[in-house]
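Participant: Sharing a structure with you now.
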Amino acid sequence: MRARGLGLLLLLGCEEGAQIGQLRPSMILDPPPGTPLGFDPVVIGLSAAGPRIIEVSNDGAASLQLGWRVEGPDQVRVSSFPKNLEAGRTGEIWVRFEPVSPTGTEATRLILESNDPEQAEVSYPLELSAREPCRLSAWPEYLRFQVGQEADIGLLAAGSAPCEVRSLRLDEELFALVDPPELPVVIGPGQELPIRVRHLQRTGRPGVPVRELLIRDQDGQEVKVELEGAYPLFNCVSAFPEKILFPDTTLGFVVNRNITVTNRCNEPAAVTSMAVFFGYHAFVVGGTALPAVVPALGAIDVAIQYRPFDDGGDVGSVFINTDDSARPRLETILEGKAIYPGLRTLPSLDLGPVGFTGSVPSSCGSRVGRLPVWSTGRGPLLIDGVTFNGPDATAFEYLGAELDQQPLAGPGEDLIVPVGRKAELLFRFRPLRADPARHSVRVELHHYDFNGPRFVELVGRAADLSPRSESQVVAPEKVDLLVAVDDSRSMQAEQERLVVAAANFVSYADGLGADYQLAATPGENSGSRAGELRGCVRQDPVLRSIDGTTIEKGDRFGCMMRTGRRGDDQQSALGAAALALKRALFPTAQDPSTAINARFLRPDTRLVIFAASDEDDASRETIPALLDYFRAARGGRADRVQVHALAGTPGQTCADDPFLNPGVRYQAMTTLAGGAFYEICQADYGPYLTDLATRAFVPSGVFTLSGSVDPPSLRVELDGTVLSPGPDYRYDPDARTVSLVVAPALGQVMTASYRGECLR
């Protein structure tokens with residue numbers, strides 16, 4: 001053991017060059033030599049770069065001896081280094097970048113030296129970046145402002161490095177930057193960036209209003225400028241009035257009012273903002289530009305708008321925010337009341353045939369139709385838009401509106417219809433094609449009667465211009481009879497008389513073999529069911545001529561006359577009839593499960609209305625307006641509508657009805673409509689119902705033609721006898737009807753021959 005040990009000592013003591021081939025170190029480096037070592041950029045004096053670590057291992061049989069040096073600027077040092085590494089051991093070399101001056105473009109390398117003959121010297125490129133910090137300054141450091149004043153602040157990059165401004169922060173309630181630069185913005189060394197600041201308003205809080213403008217650069221340093229605003233006002237401003245009562249206003253209309261804000265101090269004040277605290281559904285801050293200056297010892301007006309919502313009353317408050325520290329918020333109470341408008345019109349308008357010659361638009365011109373619109377509410381009706389929907393929309397055009405044949409509004413203008421009046425909307429039709437001939441479009445009327453009809457269908461047809469002949473056998477008019485009977489307690493006896501007399505009407509009609517429908521509604525026109533048709537228990541409310549025997553129908557019609565005795569004391573049989581027609585004309589506006597009126601009114605019948613009441617009609621609409629609406633249900637044709645009434649005669653009393661009131665409006669309606677007025681005090685109403693039937697079921701002397709007519713070509717015959725225009729018949733080109741001057745007999749045949757008209 002000693003010899004072996006001695007031999008080993010002798011071997012280790014030999015010259016390194018003679019024995020190195022047997023025992024030598026082997027250096028392994030991670031990362032491998034030549035790998036660049038990158039350091040975080042350093043801002044001198046503000047930040048430091050973390051160390052980079054090289055792991056060194058000795059995989060040889062001899063001790064590894066290490067050394068190091070740096071080539072390049074002297075800003076790198078090795079803080080930890082294993083000078084001697086035994087075989088099989090591992091160590092770490094810690095390299096640190098500690099600059100004291102900015103780095104240049106000169107390359108820097110770390111060189112490692114070792115006794116490993118294969119890696120006696122290896123190197124690592126060093127990636128170094130160091131710069132001077134930003135030296136940002138601002139001038140002036142303190143500024144005083146008056147309200148509305150602007151001032152410049154200079155930002156200077158005072159050092160050798162550029163400054164990048166990352167943020168500009170200030171109290172935006174009192175101050176604002178004027179045209180601020182887009183951030184981040186770089187200021188070159190020795191250069192200046194101007195920043196403009198504006199003082200917006202006074203503070204509403206007590207004390208000197210000093211705020212800071214904070215400028216932050218890319219190194220996280222902040223520069224501060226103090227901004228002193230105008231001193232707060234105290235108890236200078238007031239608002240008048242403290243309460244505004246807006247006039248009752250119809251939905252759709254806007255009422256403007258002003259609130260006066262007064263400044264009694266000798267420095268300007270400001271209204272900074274306004275807001276409706278509650279009632280925002282009806283009250284809106286007007287067009288006043290805010291913030292607004294209230295001049296010293298002066299006043300300004302700020303606007304508030306009322307847009308009515310609730311007919312029970314709208315209540316709200318508007319708060320006026322000011323820069324007065326003692327009175328930062330002024331309040332004005334707002335009150336108003338909505339008036340609901342009413343709209344009635346027709347579900348559709350037939351603009352008739354127009355000849356089509358193959359060109360678009362048709363060289364045969366066009367036809368203009370009039371859609372009646374009644375204002376039936378408590379306030380004027382506003383229609384602020386008419387729009388078309390459907391593939392045939394380009395065939396129709398809205399031309400505006402007229403009132404009493406005088407222009408009321410043009411296309412694109414708001415249309416206002418006074419209460420109780422009728423306006424006419426004018427639509428033009430030009431056909432786009434010959435087949436299919438029918439053109440239709442859905443028109444939406446934009447208005448504020450939320451329960452009123454909104455959509456109307458316009459219909460037109462492309463006409464055939466070839467000669468044609470049409471015939472019609474004279475028969476009794478088909479009749480739809482609508483009865484509106486007062487359902488108050490005082491009508492008990494009169495209702496029972498009508499029950500008994502009802503069979504007279506049915507007997508006469510069945511004797512003629514007439515086609516009819518009968519329906520009844522109570523005489524009140526308020527409530528959710530007003531105008532709804534009422535039938536007998538478990539019976540359809542619409543009685544048709546084919547529904548049973550004459551006796552059965554007479555009994556059932558009499559039962560329908562018994563409309564009840566629980567209605568309001570104030571009755572409106574004419575208004576109830578109008579509501580019943582509205583329900584029939586616009587069934588889609590109602591709950592489909594209760595839209596029973598839709599089965600009543602047929603398109604080709606004479607409409608007969610019979611109203612019965614022991615007091616005067618209390619409808620809101622005027623008599624002419626109601627009659628217009630009744631006639632409009634039949635296309636505006638007066639000859640297709642009858643209105644009759646059973647009521648008290650003005651100036652007379654009824655012995656068995658102490659509650660009787662004269663039916664002045666009923667008498668006015670029958671006079672205007674050419675109907676019968678029956679005295680309610682009579683004990684037997686049978687003759688009245690028979691007379692009603694004789695008036696309703698007359699031979700039809702009206703012949704409606706299917707196409708447009710070139711008037712000179714029209715030839716009319718009755719049982720082969722040629723009739724003369726004027727003495728024998730009249731032709732209405734708008735309705736396309738031939739009306740005989742003398743009523744024909746039942747069974748006679750009317751014939752019309754004509755050529756289609758090309759409108760020019």
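FYI, nothing fancy with the structure tokens labels: chains A, B, ... in order, residues from 1 per chain, ligands from 1 as they appear.
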For the structure I just gave you, how does DSSP split region 578-631 of chain A - specifically, which residues are alpha helix (DSSP H)? Reply as a PyMOL selection string.
Facilitator: chain A and resi 578-585+623-631
Participant: Contacts of Val147 (chain A) at 7 Å or less, counting only C-alpha atoms, minus same-chain residues fewer than 6 places along, as a list of chain:residue names?
Facilitator: A:His199, A:Leu200, A:Gln201, A:Arg202, A:Ala230
Participant: Could you name the residues that touch Ala676 (chain A) at 8 Å or less, counting only C-alpha atoms, but leaving out those on the same chain fewer than 4 positions away, as a PDB file with N, CA, C and O atoms, in the first residue's frame?
Facilitator:
```
ATOM      1  N   VAL A 643    -129.196  55.103 -40.456  1.00  0.00           N
ATOM      2  CA  VAL A 643    -129.152  55.268 -39.005  1.00  0.00           C
ATOM      3  C   VAL A 643    -130.548  55.683 -38.544  1.00  0.00           C
ATOM      4  O   VAL A 643    -131.087  56.701 -38.995  1.00  0.00           O
ATOM      5  N   HIS A 644    -131.130  54.887 -37.631  1.00  0.00           N
ATOM      6  CA  HIS A 644    -132.455  55.148 -37.084  1.00  0.00           C
ATOM      7  C   HIS A 644    -132.344  55.168 -35.560  1.00  0.00           C
ATOM      8  O   HIS A 644    -131.408  54.594 -34.987  1.00  0.00           O
ATOM      9  N   ALA A 645    -133.316  55.807 -34.914  1.00  0.00           N
ATOM     10  CA  ALA A 645    -133.220  55.930 -33.465  1.00  0.00           C
ATOM     11  C   ALA A 645    -134.596  55.889 -32.825  1.00  0.00           C
ATOM     12  O   ALA A 645    -135.598  56.338 -33.396  1.00  0.00           O
ATOM     13  N   THR A 670    -130.557  61.267 -36.996  1.00  0.00           N
ATOM     14  CA  THR A 670    -131.503  60.743 -37.982  1.00  0.00           C
ATOM     15  C   THR A 670    -131.830  61.791 -39.043  1.00  0.00           C
ATOM     16  O   THR A 670    -132.044  61.457 -40.217  1.00  0.00           O
ATOM     17  N   THR A 671    -131.889  63.052 -38.634  1.00  0.00           N
ATOM     18  CA  THR A 671    -132.136  64.112 -39.618  1.00  0.00           C
ATOM     19  C   THR A 671    -130.993  64.197 -40.616  1.00  0.00           C
ATOM     20  O   THR A 671    -131.208  64.283 -41.833  1.00  0.00           O
ATOM     21  N   LEU A 692    -138.915  49.784 -39.695  1.00  0.00           N
ATOM     22  CA  LEU A 692    -137.455  49.668 -39.792  1.00  0.00           C
ATOM     23  C   LEU A 692    -137.069  48.648 -40.857  1.00  0.00           C
ATOM     24  O   LEU A 692    -136.148  48.874 -41.660  1.00  0.00           O
TER      25      LEU A 692
END
```
Participant: Near Ile609 (chain A), counting only C-alpha atoms, which residues have an atom at most 12 Å away, once you skip same-chain residues fewer than 6 positions from it, shown as a VMD selection string?
Facilitator: chain A and resid 479 to 485 517 to 521 573 to 578 580 to 581 601 626 to 627 630 to 631 633 640 to 646 666 669 to 670 673 675 to 676 692 to 693 695 to 696
Participant: Quick one: residues within 10 Å of Gln119 (chain A), only C-alpha atoms counted, chain neighbours fewer than 4 positions away excluded, as a count of residues only?
Facilitator: 8
Participant: Using Å and a single decimal, report how far CA of Asp311 (chain A) sits from CA of Val254 (chain A).
Facilitator: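 That distance, rounded to one decimal, is 14.9 Å.
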Participant: Have a look at CA of Val354 (chain A) and CA of Asp392 (chain A) and let me know their distance in Å, one decimal.
Facilitator: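 Calculated distance between CA of Val354 (chain A) and CA of Asp392 (chain A) is 14.7 Å.
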Participant: Which residue is closest to Pro436 (chain A)? Choose from A:Arg461, A:Arg24, A:Arg144, A:Arg378 and count only C-alpha atoms.
Facilitator: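 Of the candidates, the smallest distance to Pro436 (chain A) is held by A:Arg461.
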Participant: Between CA of Leu193 (chain A) and CA of Gln149 (chain A), what is the distance in Å, rounded to a tenth?
Facilitator: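 One can read the CA of Leu193 (chain A) to CA of Gln149 (chain A) distance as 20.0 Å.
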Participant: Point out the residue among A:Arg566, A:Arg211, A:Arg544, A:Arg135 with the least atom-to-atom distance to Phe600 (chain A), counting only C-alpha atoms.
Facilitator: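 Checking each candidate against Phe600 (chain A), we get A:Arg544 as the closest.
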Participant: Considering only C-alpha atoms, state which residue in the set A:Gly159, A:Gly45, A:Pro328, A:Gly523 is at the smallest distance from Phe234 (chain A).
Facilitator: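 Between A:Gly159, A:Gly45, A:Pro328, A:Gly523, the residue approaching Phe234 (chain A) most closely is A:Pro328.
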